[in-house]
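Novice: Okay, here's the structure, questions in a sec.
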Amino acid sequence: MHYLPFPRNRNFVEREGVIEMLEGRLLADSDGQRVALVGLGGMGKTQIALQLAHLVKSSTQKYKDYSVIWIPALSMATFEQACTTIVNKFGIRYSGDQDPKEIVREFLSSDKAGKWLLIIDNADDMSVLYGSTQQPGRIADFLPASDDGRILFTTRSQEVAVNVAGSCVVELSEMGPEEAKALLQKSLIKKDQTQDDELVGELLLKLTHLPLAISQASAYMNTNKVRIKEYLRLFQNTDQDMVELLSSGFRDGSHYRSAQGAVATTWIVSFNQIRDTDEDAATLLSFAAAQSSPTEAENIQRQSSFGSALKPERSSQPAAGNSGKKHRTIRAYGEY
Ligand SMILES: Nc1ncnc2c1ncn2[C@@H]1O[C@H](COP(=O)(O)OP(=O)(O)O)[C@@H](O)[C@H]1O
Ligand SMILES: [Mg+2]
C-alpha cells in the first residue's frame, strides 16, 4: 500500500550520486532511520525525493516490502490533510474522535505497518516542525518511529535538517553544467538551439544552474515561442524585466497548489543568495513584496536570507544611489 500524490517526473534529470547516497544512508544502512535532504528552494529536493519514492514503490526486489508514504509539511494543515487521506486509503481502524495525525503516527509506529518509507516534504519552517509561542501545534509530535520505518525529510532549513536527522544530512547544491544542460534540453520544445554550447552556457550561468529557474525560463520560452538568444536579450534589459520574465505563466503539476504563488518568491530568495549583490537583492525584494500575499511576505521575511538582505549593516558598502532603492523595499514590507 502506498500514498504518493505525485506521478513520476518524466523529465527527471539524474543528479550525480544523490539518489544512490540517499539509498545508502536511508535504506541500506540498518541504522539509517532518518535522513534530511537540505538545500535552497528550487534546487530540486522534492524532485529527488519523488524519484526515490517511485524507485522504492516500483521495486520488485530490494524494496518490494516497503510502503511509500508522502506527507507535505509546508504547514500543519497540509500535514493533517495528508494524514486524513492516509487513514482512509489504508483503512486504518481508529476509535471515535481520534486525531488523524495521531492515528497515522500510531499505525506507522506499530508492527502492523510493516516496512515503510515516509517522505516528509518541504519541512522548511522550524516553527511548523517544532512549534513556537504563536504556533502551539508541532509536526514533530506526530512523527512515527519504528525499526522498520525510514523517514526522508526535504527542507530548506539547516536547523530543521539537524534537528530531525542529526548528522544524517545530505546537502544539495546547484546542478552541474551537464545536468543543467540536460534539464534545459528536456524542457525546451525547440531543442535544436541547445547545440550552441556558448549560448546555452551563457543562459545557464545567468540562471545560476538552479533547476527551478531553468524550468521557469524554459516554460517562458516555450509559451512565448522565444528563442534562447532573444530570451537572453530580454533578460539583460532590466532586473525588473528579468524577474517578471521568470515568474510569469509558470505552472508545474508537481507543485502544491498552495505553494504555486510562492514559486516566484522561492526562486527570488535562492537567486538572491547565490548572486548576493545588494542591488539585485533590493530590486528582487521589492518585487517579492509587491507580488506576495501577506502570509507569503511574512514567511519570506522570517527567512534569515531575507533578514540579512534587509539589514543595511550586514550589506557590503552600498553604491551611491542604491540606498534609496533599498528603503523602498523595506517600506514595501512595512505595509503588510
Ligand atoms: N532532477 C530534476 N529533473 C528535472 N527537473 C527538475 C529536477 N530538479 C528540479 N527540477 C525542476 O525544478 C523545479 C523545482 O524543484 P523542486 O524539487 O521543487 O525544488 P525544491 O524542492 O528543492 O524546492 C521542479 O518543479 C522541476 O521543474
Ligand atoms: Mg521542495
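Convention: chains lettered A, B, ... in C-alpha cells order; per-chain residue numbering from 1; ligands numbered from 1 as shown.
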Go through region 71-240 of chain A and collect every residue that DSSP, computed from the backbone, puts in helix (DSSP H, G or I); the answer should be as a PyMOL selection string.
Specialist: chain A and resi 76-90+100-109+111-113+126-130+139-142+158-165+177-187+191-195+197-206+211-224+228-237+239-240
Novice: Ligand 1: which residues are within 9 Å, counting only C-alpha atoms and all ligand atoms, as a VMD selection string?
Specialist: chain A and resid 9 to 15 37 to 51 121 to 122 154 to 156 172 175 179 to 180 182 to 184 186 to 187 210 to 216 251 to 255 263 266 to 267
Novice: What are the DSSP strand (DSSP E or B) residues of region 15-187 of chain A, as a ChimeraX atom specification?
Specialist: /A:34-38,67-72,116-121,149-155,169-171
Novice: Which residues, written as a list of chain:residue names, have at least one atom at most 10 Å from Asp99 (chain A), with only C-alpha atoms counted and residues fewer than 6 positions away on the same chain left out?
Specialist: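 Counting only C-alpha atoms, the residues come to A:Glu80, A:Cys83, A:Thr84, A:Arg105.
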Novice: Just how far from CA of Tyr220 (chain A) is CA of Leu52 (chain A), in Å to one decimal?
Specialist: 28.6 Å
Novice: Excluding same-chain residues fewer than 3 positions from Glu106 (chain A), what lies within 9 Å of it counting only C-alpha atoms, as a list in words?
Specialist: Lys101, Glu102, Ile103, Ser109, Ser110, Phe142, Pro144 and Ala145 of chain A
Novice: At a cut-off of 6 Å, using only C-alpha atoms, what residues contact Lys115 (chain A)? Leave out same-chain residues fewer than 5 positions from it and give the result as a tab-separated table (two decimals) with N, CA and C atoms, in the first residue's frame.
Specialist:
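Okay, this is what ended up in selection21.tsv:
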chain	number	residue	atom	x	y	z
A	66	TYR	N	8.27	-2.57	0.97
A	66	TYR	CA	8.09	-1.23	1.53
A	66	TYR	C	6.79	-0.55	1.10
A	148	ASP	N	11.29	-0.68	11.47
A	148	ASP	CA	11.06	-0.98	10.05
A	148	ASP	C	10.75	0.26	9.23
A	149	GLY	N	10.82	1.42	9.84
A	149	GLY	CA	10.45	2.65	9.13
A	149	GLY	C	11.64	3.56	8.88
Novice: Which one of A:Pro5, A:Leu22, A:Asp124, A:Ala36 sits closest to ligand 2 if you count only C-alpha atoms and all ligand atoms?
Specialist: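 Among A:Pro5, A:Leu22, A:Asp124, A:Ala36, it is A:Asp124 that comes nearest to ligand 2.
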